[in-house]
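Data file: data_1.cif. Format and content: mmCIF, C-alpha atoms and all ligand atoms.
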data_model
#
loop_
_atom_site.label_atom_id
_atom_site.label_comp_id
_atom_site.auth_asym_id
_atom_site.auth_seq_id
_atom_site.Cartn_x
_atom_site.Cartn_y
_atom_site.Cartn_z
CA MET B 89 -0.42 98.31 -10.29
CA LYS B 90 -1.14 95.01 -8.56
CA SER B 91 1.57 92.42 -8.77
CA ALA B 92 1.53 89.72 -11.44
CA VAL B 93 1.03 87.14 -8.71
CA ASP B 94 -2.34 88.63 -7.74
CA TRP B 95 -3.34 88.82 -11.36
CA ALA B 96 -2.44 85.18 -11.94
CA VAL B 97 -5.28 84.10 -9.69
CA ASP B 98 -7.72 86.96 -10.19
CA SER B 99 -8.83 87.31 -13.81
CA GLN B 100 -11.24 90.11 -13.06
CA ALA B 101 -8.57 92.24 -11.39
CA ARG B 102 -6.32 91.50 -14.34
CA THR B 103 -8.95 92.54 -16.89
CA GLU B 104 -9.49 95.79 -15.02
CA GLY B 105 -5.77 96.34 -14.57
CA LEU B 106 -4.89 95.77 -18.19
CA GLY B 107 -7.83 97.94 -19.25
CA ASP B 108 -6.54 100.71 -16.95
CA GLY B 109 -3.04 100.27 -18.36
CA PHE B 110 -4.45 100.66 -21.86
CA ARG B 111 -6.41 103.81 -20.96
CA ARG B 112 -3.43 105.38 -19.17
CA THR B 113 -1.06 104.71 -22.06
CA PHE B 114 -3.24 105.29 -25.10
CA GLY B 115 -6.49 106.89 -23.85
CA GLY B 116 -9.91 105.38 -24.61
CA GLU B 117 -10.99 101.75 -24.54
CA PRO B 118 -9.50 98.59 -26.07
CA GLU B 119 -11.82 96.80 -28.49
CA LEU B 120 -10.26 93.33 -28.72
CA TRP B 121 -8.59 90.94 -26.29
CA ALA B 122 -6.31 87.99 -27.06
CA ARG B 123 -4.32 85.57 -24.95
CA ALA B 124 -1.75 82.79 -25.37
CA PRO B 125 -0.34 80.43 -22.74
CA GLY B 126 3.18 79.66 -21.57
CA ARG B 127 4.13 76.02 -21.19
CA VAL B 128 6.00 73.62 -19.02
CA ASP B 129 7.52 70.45 -20.36
CA LEU B 130 6.50 67.42 -18.34
CA MET B 131 9.09 65.31 -20.15
CA GLY B 132 11.50 65.81 -23.04
CA SER B 133 14.36 68.18 -22.22
CA HIS B 134 16.25 69.16 -25.38
CA THR B 135 14.48 66.52 -27.45
CA ASP B 136 12.78 69.08 -29.72
CA TYR B 137 15.80 70.02 -31.81
CA ASN B 138 16.70 66.34 -31.98
CA LEU B 139 13.27 65.78 -33.59
CA GLY B 140 12.14 63.50 -30.75
CA PHE B 141 9.08 63.51 -28.49
CA VAL B 142 8.12 66.08 -25.86
CA LEU B 143 5.24 65.89 -23.43
CA THR B 144 4.33 69.54 -23.00
CA LEU B 145 1.66 71.27 -20.94
CA PRO B 146 0.26 74.63 -22.11
CA ILE B 147 -0.39 76.35 -18.77
CA SER B 148 -2.83 78.73 -17.15
CA ARG B 149 -0.06 81.32 -16.85
CA ASP B 150 -0.54 83.35 -20.03
CA THR B 151 0.02 86.59 -21.93
CA TRP B 152 -2.90 88.93 -22.56
CA ILE B 153 -3.13 91.71 -25.10
CA ALA B 154 -5.79 94.41 -25.14
CA ALA B 155 -5.92 96.21 -28.48
CA ARG B 156 -7.59 98.86 -30.58
CA ARG B 157 -7.27 99.50 -34.31
CA ARG B 158 -5.55 102.59 -35.71
CA ASP B 159 -5.96 103.82 -39.26
CA ASP B 160 -2.40 105.15 -39.80
CA ARG B 161 -0.39 101.88 -40.19
CA THR B 162 1.42 102.57 -36.93
CA VAL B 163 1.76 100.04 -34.10
CA ARG B 164 2.14 101.38 -30.57
CA VAL B 165 2.79 98.85 -27.87
CA HIS B 166 3.16 98.96 -24.10
CA SER B 167 4.34 96.09 -21.90
CA MET B 168 2.99 96.37 -18.37
CA ASN B 169 5.53 93.78 -17.17
CA LEU B 170 8.47 95.92 -18.26
CA ASP B 171 6.67 99.28 -18.05
CA ALA B 172 8.15 100.03 -21.46
CA GLY B 173 6.80 101.07 -24.83
CA ASP B 174 7.64 100.96 -28.52
CA GLU B 175 6.25 102.41 -31.73
CA PHE B 176 6.87 101.39 -35.34
CA ARG B 177 5.35 101.70 -38.81
CA LEU B 178 4.06 98.58 -40.52
CA ASP B 179 5.59 99.61 -43.84
CA ALA B 180 9.17 99.74 -42.55
CA ILE B 181 9.76 97.25 -39.76
CA GLU B 182 13.37 97.21 -38.60
CA PRO B 183 14.88 95.47 -35.57
CA VAL B 184 15.83 97.68 -32.62
CA ALA B 185 19.35 97.25 -31.31
CA GLY B 186 19.62 96.80 -27.54
CA SER B 187 15.91 96.31 -26.83
CA ARG B 188 15.17 92.65 -27.24
CA TRP B 189 11.53 92.65 -26.21
CA CYS B 190 10.62 95.14 -28.96
CA ASN B 191 11.98 92.71 -31.51
CA TYR B 192 9.49 90.00 -30.51
CA VAL B 193 6.67 92.40 -31.34
CA ARG B 194 8.28 93.76 -34.50
CA GLY B 195 9.41 90.28 -35.53
CA VAL B 196 5.91 88.81 -35.41
CA ALA B 197 4.54 91.77 -37.39
CA ALA B 198 7.36 91.57 -39.96
CA THR B 199 7.01 87.80 -40.37
CA LEU B 200 3.24 87.94 -40.87
CA ALA B 201 3.66 90.83 -43.31
CA GLY B 202 6.27 88.76 -45.15
CA GLU B 203 3.54 86.14 -45.73
CA ARG B 204 1.37 88.85 -47.32
CA LEU B 205 -1.12 88.72 -44.47
CA ALA B 206 -2.91 92.07 -44.10
CA LEU B 207 -1.81 93.91 -40.97
CA THR B 208 -3.64 96.80 -39.35
CA GLY B 209 -2.11 99.56 -37.27
CA CYS B 210 -3.05 99.26 -33.60
CA ASP B 211 -2.45 100.18 -29.97
CA LEU B 212 -1.50 97.16 -27.87
CA ALA B 213 -1.27 96.83 -24.08
CA ILE B 214 0.40 93.62 -22.95
CA HIS B 215 0.51 91.80 -19.67
CA SER B 216 1.87 88.35 -18.89
CA THR B 217 1.58 86.08 -15.85
CA VAL B 218 4.26 83.83 -17.37
CA PRO B 219 7.43 84.75 -15.48
CA LEU B 220 9.91 86.19 -17.97
CA GLU B 221 13.10 84.24 -18.71
CA SER B 222 12.23 81.38 -16.37
CA GLY B 223 11.91 78.57 -18.89
CA LEU B 224 8.10 78.73 -19.16
CA SER B 225 8.22 80.35 -22.55
CA SER B 226 7.00 83.87 -22.03
CA SER B 227 8.55 84.64 -25.44
CA ALA B 228 6.30 82.22 -27.33
CA ALA B 229 3.28 83.32 -25.29
CA LEU B 230 4.01 86.89 -26.38
CA GLU B 231 4.53 85.93 -30.03
CA CYS B 232 1.44 83.74 -30.27
CA ALA B 233 -0.79 86.26 -28.51
CA LEU B 234 0.48 88.93 -30.92
CA ALA B 235 -0.09 86.79 -34.01
CA THR B 236 -3.61 85.98 -32.78
CA MET B 237 -4.29 89.67 -32.24
CA PHE B 238 -2.93 90.71 -35.66
CA ALA B 239 -5.14 88.02 -37.24
CA ALA B 240 -8.23 89.25 -35.38
CA LEU B 241 -7.54 92.89 -36.27
CA GLY B 242 -6.81 91.99 -39.90
CA GLY B 243 -9.92 89.80 -40.24
CA TRP B 244 -8.11 86.59 -41.21
CA SER B 245 -7.17 83.38 -39.48
CA LEU B 246 -4.41 80.77 -39.63
CA ARG B 247 -4.35 77.13 -38.66
CA PRO B 248 -2.67 76.93 -35.24
CA GLU B 249 0.17 74.81 -36.67
CA ARG B 250 0.99 77.48 -39.26
CA MET B 251 0.73 80.26 -36.71
CA ALA B 252 3.19 78.41 -34.48
CA LEU B 253 5.68 77.98 -37.33
CA LEU B 254 5.49 81.67 -38.24
CA CYS B 255 6.04 82.70 -34.62
CA GLN B 256 9.05 80.40 -34.43
CA LYS B 257 10.36 81.96 -37.64
CA ALA B 258 10.00 85.41 -36.07
CA GLU B 259 12.02 84.31 -33.02
CA ASN B 260 14.67 82.51 -35.11
CA GLU B 261 15.16 85.08 -37.83
CA PHE B 262 14.12 88.46 -36.43
CA VAL B 263 15.01 88.16 -32.75
CA GLY B 264 17.90 85.82 -33.52
CA VAL B 265 17.13 83.08 -30.98
CA ASN B 266 17.66 79.58 -32.33
CA CYS B 267 14.68 77.97 -30.58
CA GLY B 268 12.91 74.75 -31.62
CA ILE B 269 9.18 74.52 -32.35
CA LEU B 270 8.12 73.25 -28.91
CA ASP B 271 7.23 76.57 -27.31
CA GLN B 272 5.12 77.96 -30.12
CA TYR B 273 3.35 74.67 -30.76
CA SER B 274 2.44 74.42 -27.09
CA SER B 275 1.15 77.97 -27.03
CA CYS B 276 -0.95 77.65 -30.22
CA LEU B 277 -2.25 74.07 -29.94
CA GLY B 278 -3.17 73.77 -26.26
CA ARG B 279 -6.49 72.14 -25.35
CA GLU B 280 -8.09 72.63 -21.98
CA ALA B 281 -7.36 69.82 -19.46
CA CYS B 282 -4.80 68.18 -21.77
CA ALA B 283 -1.07 67.89 -22.15
CA LEU B 284 0.28 67.47 -25.69
CA LEU B 285 2.58 64.73 -26.85
CA LEU B 286 4.44 66.44 -29.65
CA ASP B 287 6.41 64.52 -32.24
CA CYS B 288 9.00 67.07 -33.29
CA ARG B 289 9.81 65.22 -36.51
CA ASP B 290 6.44 65.25 -38.25
CA LEU B 291 4.94 67.88 -35.91
CA SER B 292 1.94 65.72 -35.13
CA THR B 293 0.39 66.07 -31.67
CA ARG B 294 -1.67 63.82 -29.47
CA SER B 295 -3.77 65.22 -26.62
CA VAL B 296 -3.06 63.50 -23.33
CA ARG B 297 -5.74 63.92 -20.70
CA LEU B 298 -4.16 64.08 -17.25
CA ALA B 299 -5.66 61.66 -14.73
CA ASP B 300 -7.79 63.31 -12.05
CA GLY B 301 -6.03 63.87 -8.77
CA ILE B 302 -2.63 64.84 -10.19
CA ARG B 303 -1.65 68.49 -10.01
CA VAL B 304 1.25 70.11 -11.86
CA VAL B 305 3.27 72.56 -9.75
CA VAL B 306 5.95 74.79 -11.24
CA CYS B 307 8.79 75.56 -8.85
CA ASN B 308 11.01 78.45 -9.90
CA THR B 309 14.56 78.28 -8.52
CA MET B 310 14.85 82.06 -9.12
CA SER B 311 18.34 81.48 -10.49
CA ARG B 312 19.73 81.27 -13.99
CA ARG B 313 23.27 80.64 -15.13
CA ARG B 314 24.59 83.46 -17.26
CA LEU B 315 26.15 81.24 -19.92
CA SER B 316 23.02 79.21 -20.56
CA GLY B 317 22.78 80.51 -24.15
CA SER B 318 26.22 79.29 -25.16
CA GLU B 319 25.76 76.02 -23.25
CA TYR B 320 22.54 75.45 -25.19
CA ALA B 321 24.32 76.01 -28.50
CA GLN B 322 27.07 73.62 -27.43
CA ARG B 323 24.55 70.86 -26.59
CA ARG B 324 22.92 71.30 -29.98
CA ALA B 325 26.27 71.06 -31.72
CA GLU B 326 27.18 67.91 -29.77
CA CYS B 327 23.89 66.28 -30.74
CA GLU B 328 24.44 67.19 -34.39
CA LEU B 329 27.90 65.69 -34.24
CA GLY B 330 26.52 62.51 -32.68
CA ALA B 331 23.86 62.19 -35.37
CA ALA B 332 26.41 62.78 -38.15
CA ARG B 333 28.80 60.16 -36.75
CA LEU B 334 25.93 57.68 -36.48
CA GLY B 335 24.86 58.47 -40.04
CA VAL B 336 21.35 59.70 -39.23
CA ARG B 337 19.60 63.00 -39.80
CA ALA B 338 18.77 63.50 -36.13
CA LEU B 339 19.08 61.60 -32.85
CA ARG B 340 15.39 60.74 -33.17
CA ASP B 341 16.47 58.07 -35.65
CA VAL B 342 18.78 56.37 -33.14
CA THR B 343 17.41 53.40 -31.17
CA PRO B 344 18.83 52.42 -27.77
CA GLN B 345 20.16 49.21 -29.39
CA MET B 346 21.91 51.11 -32.18
CA LEU B 347 23.44 53.49 -29.69
CA ALA B 348 24.68 50.68 -27.44
CA ALA B 349 26.34 48.93 -30.40
CA ARG B 350 28.00 52.03 -31.89
CA ARG B 351 28.79 54.02 -28.77
CA PRO B 352 32.57 53.44 -29.10
CA GLU B 353 32.57 55.41 -32.36
CA LEU B 354 31.55 58.56 -30.50
CA PRO B 355 33.64 60.90 -28.38
CA GLU B 356 32.79 60.14 -24.74
CA GLN B 357 30.98 63.39 -24.02
CA VAL B 358 28.95 63.21 -27.23
CA ALA B 359 28.00 59.62 -26.38
CA ARG B 360 26.62 60.74 -23.01
CA ARG B 361 24.57 63.49 -24.66
CA CYS B 362 23.18 60.91 -27.09
CA ASP B 363 22.37 58.49 -24.24
CA PHE B 364 20.30 61.17 -22.59
CA ILE B 365 18.38 62.30 -25.67
CA VAL B 366 17.50 58.79 -26.86
CA ALA B 367 16.22 57.79 -23.41
CA GLU B 368 14.49 61.13 -22.75
CA SER B 369 12.47 60.97 -25.96
CA ALA B 370 11.28 57.45 -25.07
CA ARG B 371 10.40 58.70 -21.56
CA ALA B 372 8.11 61.37 -23.04
CA GLU B 373 6.01 58.68 -24.69
CA SER B 374 6.06 56.52 -21.56
CA LEU B 375 5.01 59.40 -19.30
CA ALA B 376 2.05 60.17 -21.57
CA THR B 377 0.76 56.66 -20.93
CA ALA B 378 1.59 56.62 -17.22
CA LEU B 379 -0.18 59.95 -16.61
CA THR B 380 -3.28 58.84 -18.47
CA VAL B 381 -3.68 55.65 -16.45
CA ASN B 382 -2.55 57.34 -13.21
CA ASP B 383 0.36 54.96 -12.57
CA ARG B 384 2.10 57.12 -9.99
CA GLN B 385 5.00 54.79 -9.40
CA ILE B 386 6.03 54.89 -13.04
CA VAL B 387 5.50 58.66 -13.15
CA GLY B 388 7.92 59.02 -10.23
CA ARG B 389 10.50 56.71 -11.75
CA LEU B 390 10.45 58.39 -15.18
CA CYS B 391 10.86 61.84 -13.62
CA ALA B 392 13.75 60.63 -11.44
CA GLU B 393 15.51 59.11 -14.46
CA SER B 394 15.03 62.31 -16.42
CA PHE B 395 16.59 64.43 -13.68
CA ALA B 396 19.50 62.02 -13.17
CA GLY B 397 20.20 62.11 -16.92
CA ALA B 398 20.01 65.90 -17.02
CA ARG B 399 22.50 66.07 -14.16
CA ASP B 400 24.97 63.34 -15.13
CA LEU B 401 24.68 62.89 -18.90
CA TYR B 402 23.45 66.13 -20.42
CA GLU B 403 24.95 68.32 -17.69
CA ILE B 404 22.32 71.04 -17.66
CA CYS B 405 21.92 71.01 -13.90
CA SER B 406 22.94 73.64 -11.35
CA PRO B 407 23.33 73.58 -7.56
CA ALA B 408 20.05 75.48 -7.24
CA MET B 409 18.29 72.78 -9.27
CA VAL B 410 19.73 70.04 -7.05
CA ALA B 411 18.49 71.89 -3.96
CA MET B 412 15.06 72.36 -5.52
CA MET B 413 14.87 68.71 -6.54
CA GLU B 414 15.54 67.66 -2.95
CA ALA B 415 12.96 70.10 -1.62
CA MET B 416 10.32 68.90 -4.11
CA LEU B 417 10.86 65.20 -3.47
CA ALA B 418 10.73 65.65 0.32
CA ALA B 419 7.50 67.67 0.21
CA PRO B 420 4.10 66.09 1.00
CA GLY B 421 2.22 64.73 -1.99
CA ALA B 422 5.21 64.59 -4.37
CA ILE B 423 4.69 61.99 -7.09
CA GLY B 424 7.58 62.99 -9.35
CA ALA B 425 9.84 65.97 -10.02
CA ARG B 426 12.36 67.05 -12.63
CA GLN B 427 13.90 69.97 -14.51
CA ALA B 428 11.90 72.07 -16.96
CA GLY B 429 12.88 74.12 -19.98
CA ALA B 430 16.52 74.03 -21.01
CA GLY B 431 17.83 73.62 -17.45
CA PHE B 432 20.72 75.77 -16.09
CA GLY B 433 18.44 77.01 -13.29
CA GLY B 434 15.06 78.51 -14.10
CA SER B 435 11.90 76.59 -13.37
CA MET B 436 11.39 72.97 -12.41
CA VAL B 437 8.22 70.93 -12.38
CA ALA B 438 6.56 68.57 -9.92
CA LEU B 439 3.60 66.25 -10.27
CA VAL B 440 1.75 66.32 -7.00
CA ASP B 441 -1.20 64.62 -5.39
CA ALA B 442 -3.86 67.29 -5.88
CA ALA B 443 -5.14 67.13 -2.30
CA SER B 444 -1.64 68.00 -0.99
CA THR B 445 -0.97 70.94 -3.31
CA ASP B 446 -0.95 73.68 -0.66
CA ALA B 447 1.14 71.64 1.78
CA PHE B 448 3.55 70.79 -1.05
CA CYS B 449 4.06 74.44 -1.98
CA ALA B 450 4.57 75.48 1.64
CA ALA B 451 7.12 72.73 2.28
CA VAL B 452 9.08 73.47 -0.91
CA GLY B 453 9.19 77.16 -0.04
CA LYS B 454 10.58 76.41 3.40
CA ALA B 455 13.09 73.69 2.43
CA TYR B 456 14.44 75.41 -0.67
CA GLY B 457 14.64 78.75 1.10
CA LYS B 458 16.75 77.15 3.81
CA ALA B 459 19.02 75.18 1.45
CA ALA B 460 19.53 77.77 -1.28
CA GLY B 461 19.04 81.02 0.60
CA MET B 462 16.52 82.18 -2.00
CA VAL B 463 12.75 82.40 -1.79
CA PRO B 464 11.34 80.25 -4.58
CA GLU B 465 8.12 80.86 -6.45
CA THR B 466 5.83 77.84 -6.48
CA TYR B 467 2.60 77.84 -8.42
CA PRO B 468 0.12 75.16 -9.31
CA VAL B 469 -0.90 75.39 -12.96
CA GLU B 470 -3.79 74.02 -14.99
CA ALA B 471 -3.70 72.79 -18.56
CA ALA B 472 -4.85 75.72 -20.69
CA GLN B 473 -6.43 76.38 -24.06
CA GLY B 474 -4.08 77.58 -26.81
CA ALA B 475 -3.87 81.09 -28.29
CA GLU B 476 -7.29 82.69 -28.81
CA VAL B 477 -9.27 85.87 -28.93
CA PHE B 478 -11.45 86.14 -25.84
CA ASP B 479 -14.30 88.12 -24.44
CA LYS B 480 -13.10 90.16 -21.48
CA TYR B 481 -16.55 89.83 -19.90
CA ARG B 482 -15.90 86.10 -19.60
CA CYS B 483 -13.57 87.02 -16.77
CA SER B 484 -15.89 89.41 -14.94
P1 LIG B 501 11.27 82.48 -21.67
O1 LIG B 501 10.64 82.34 -23.04
O2 LIG B 501 11.67 81.17 -21.09
O3 LIG B 501 10.44 83.25 -20.72
P2 LIG B 501 13.16 83.97 -23.21
O4 LIG B 501 14.50 84.54 -22.89
O5 LIG B 501 13.04 83.05 -24.38
O6 LIG B 501 12.62 83.31 -21.88
O7 LIG B 501 12.14 85.14 -23.49
C1 LIG B 501 11.94 86.15 -22.54
C2 LIG B 501 11.91 87.50 -23.24
O8 LIG B 501 10.67 87.65 -23.99
C3 LIG B 501 11.91 88.66 -22.29
O9 LIG B 501 13.24 88.98 -21.87
C4 LIG B 501 11.30 89.75 -23.13
O10 LIG B 501 12.24 90.28 -24.05
C5 LIG B 501 10.25 88.99 -23.94
N1 LIG B 501 8.94 89.03 -23.28
C6 LIG B 501 8.19 87.97 -22.91
N2 LIG B 501 7.02 88.38 -22.35
C7 LIG B 501 7.03 89.72 -22.36
C8 LIG B 501 6.12 90.73 -21.90
N3 LIG B 501 4.96 90.44 -21.32
N4 LIG B 501 6.49 92.01 -22.10
C9 LIG B 501 7.65 92.33 -22.69
N5 LIG B 501 8.54 91.43 -23.12
C10 LIG B 501 8.25 90.13 -22.96
MG MG B 502 11.58 81.65 -24.82
#

Turn this file's structure into structure tokens for me.
Ligand code: ADP
Ligand code: MG
Amino acid sequence: MKSAVDWAVDSQARTEGLGDGFRRTFGGEPELWARAPGRVDLMGSHTDYNLGFVLTLPISRDTWIAARRRDDRTVRVHSMNLDAGDEFRLDAIEPVAGSRWCNYVRGVAATLAGERLALTGCDLAIHSTVPLESGLSSSAALECALATMFAALGGWSLRPERMALLCQKAENEFVGVNCGILDQYSSCLGREACALLLDCRDLSTRSVRLADGIRVVVCNTMSRRRLSGSEYAQRRAECELGAARLGVRALRDVTPQMLAARRPELPEQVARRCDFIVAESARAESLATALTVNDRQIVGRLCAESFAGARDLYEICSPAMVAMMEAMLAAPGAIGARQAGAGFGGSMVALVDAASTDAFCAAVGKAYGKAAGMVPETYPVEAAQGAEVFDKYRCS
């Protein structure tokens, strides 16, 4: 099998490869194809569960599923990324202990069935070019591609907002990951050439067309801190405590003025977490404007403030992230750079002058490799369409 990196830039090779994977695993040909994108947040770390704003970019790294109906109410699934399979019956969907990825598939099926949506047995071959567990939301890409495929096989459709909420429910309740709505909304609502400004309180979105000449480059530190799950839960708890002390439902309802006046009522660490969230949510709105009008100076400043806050106030930074930040800012064409996802390692994101993209990637690879002793992955991404069924011949 060719590597995922080849397949990320060669759709035809990927179509053939996934088709081959299907034939090898199940025999015969797939009849339907679906895809859903990963995402990178351009601004708005940890603002989603505080019901604030996030500027998110559904990206051209995505998850594909090739499928064929079965008439026995059985689902058989094979992940080419993990070279692993699973099989379950639609009438008795139970979680599997010790095999997390199977629970994303089962969870989506169980959640859709719980809504009385008609599910059809099927064979599913899956392949993703979203790196797994790197903060680009391969989990939501998998869920949303699956939900899209089950809808296509069952002959029904859902509004993308509802599909996103059901996929989040599957991840929260069946897999047991307490994620916000950001990932699934990004994956279901993406529009080509646009970022999305998502208001996590009323779940409204605004498409933000990126100015020509700016390229988004994801830079993966290739490191992740083991305790990131418990750190994430701790940040959420601190934000909830801050909101409760300030007498609001969520930190979204706190203005910078209110926070400045009532800061002494908060434990010091909680106050710093609140400082970050209140400013970060405002930065998401500001970046949407700055990117539209191509004000590169403001883009750079907002990204720098976001990273400084993540490091000093929210404390989700790691030495690898600091090294990557330095490498990104020193590289040719850098306009702005910051963390992505929840932090604690994983991927970071840079906004780069499009003409310098190749030179930027080469310089980051060299500088980060030298500073951190790890070879990073750097990949330019495009804004991508949300979850959809597609015609495989489109790619040929
Ligand atoms: P992220 O969403 O940032 O990539 P998560 O830890 O939330 O990281 O989700 C990653 C998990 O999702 C993987 O460990 C795996 O269980 C599942 N997953 C995602 N994509 C695939 C895939 N193509 N094949 C199998 N499992 C996948
Ligand atoms: Mg995830």

Worksheet item: How far is it from atom CA of B:Pro118 to atom CA of B:Gln100, in Å with one decimal?
Response: 15.6 Å

Practice prompt. Give the answer as one residue: which of B:Gly431, B:Phe110, B:Met412, B:Cys210 has the shortest atom-to-atom distance to ligand LIG 501 (chain B), using all atoms listed in the file?
Written response: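 Closest residue, counting all atoms listed in the file: B:Gly431.
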
Discussion item. Quick one: residues within 8 Å of B:Gly268, all atoms listed in the file, excluding same-chain residues fewer than 3 positions away - as JSON, numbers by chain?
Written reply: {"B": [136, 137, 256, 271]}

Item to complete: Mind giving me the straight-line distance from atom CA of B:Glu203 to atom CA of B:Ala338 in Å, one decimal?
Response: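 Here the two named atoms are 28.9 Å from each other.
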
Worksheet item: If you count all atoms listed in the file, which residues fall within 12 Å of stretch 247-249 of chain B, apart from same-chain ones fewer than 3 positions away, as a VMD selection string?
Response: chain B and resid 124 232 to 233 235 to 236 239 244 252 to 256 269 to 279 286 290 to 293 473 to 476

Worksheet item: Taking into account all atoms listed in the file, which residue in the set B:Arg102, B:Arg340, B:Arg149, B:Arg157 is nearest to B:Gly116?
Response: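 Between B:Arg102, B:Arg340, B:Arg149, B:Arg157, the residue approaching B:Gly116 most closely is B:Arg157.
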
Worksheet item: What do you get as a ChimeraX atom specification if you pick all residues at most 6 Å from ligand MG 502 (chain B), counting only C-alpha atoms and all ligand atoms?
Response: /B:225-228

Worksheet entry | Contacts to ligand LIG 501 (chain B) at 6 Å cut-off (only C-alpha atoms and all ligand atoms) as a list in words | Ser167, Asn169, Leu170, Arg188, Trp189, Ile214, His215, Ser216, Leu220, Glu221, Ser222, Gly223, Leu224, Ser225, Ser226, Ser227 and Leu230 of chain B

Keeping only C-alpha atoms, take the residues you just selected and write them out as a short mmCIF file (atom, residue, chain, number, x, y, z; two decimals), in the frame of the given file.
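And here is the file that came out, selection-v7.cif:
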data_model
loop_
_atom_site.label_atom_id
_atom_site.label_comp_id
_atom_site.auth_asym_id
_atom_site.auth_seq_id
_atom_site.Cartn_x
_atom_site.Cartn_y
_atom_site.Cartn_z
CA SER B 167 4.34 96.09 -21.90
CA ASN B 169 5.53 93.78 -17.17
CA LEU B 170 8.47 95.92 -18.26
CA ARG B 188 15.17 92.65 -27.24
CA TRP B 189 11.53 92.65 -26.21
CA ILE B 214 0.40 93.62 -22.95
CA HIS B 215 0.51 91.80 -19.67
CA SER B 216 1.87 88.35 -18.89
CA LEU B 220 9.91 86.19 -17.97
CA GLU B 221 13.10 84.24 -18.71
CA SER B 222 12.23 81.38 -16.37
CA GLY B 223 11.91 78.57 -18.89
CA LEU B 224 8.10 78.73 -19.16
CA SER B 225 8.22 80.35 -22.55
CA SER B 226 7.00 83.87 -22.03
CA SER B 227 8.55 84.64 -25.44
CA LEU B 230 4.01 86.89 -26.38
#

Worksheet entry | From B:Pro352, B:Leu284, B:Ala180, B:Gln427, residue lying nearest B:Thr377 [all atoms listed in the file] |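 Checking each of B:Pro352, B:Leu284, B:Ala180, B:Gln427 against B:Thr377, counting all atoms listed in the file, the winner is B:Leu284.
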
Discussion item. Here is a test: counting only C-alpha atoms, which residue of B:Met409, B:Cys449, B:Ile423, B:Ala398 is nearest to B:Ile386?
Written reply: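 Checking each candidate against B:Ile386, we get B:Ile423 as the closest.
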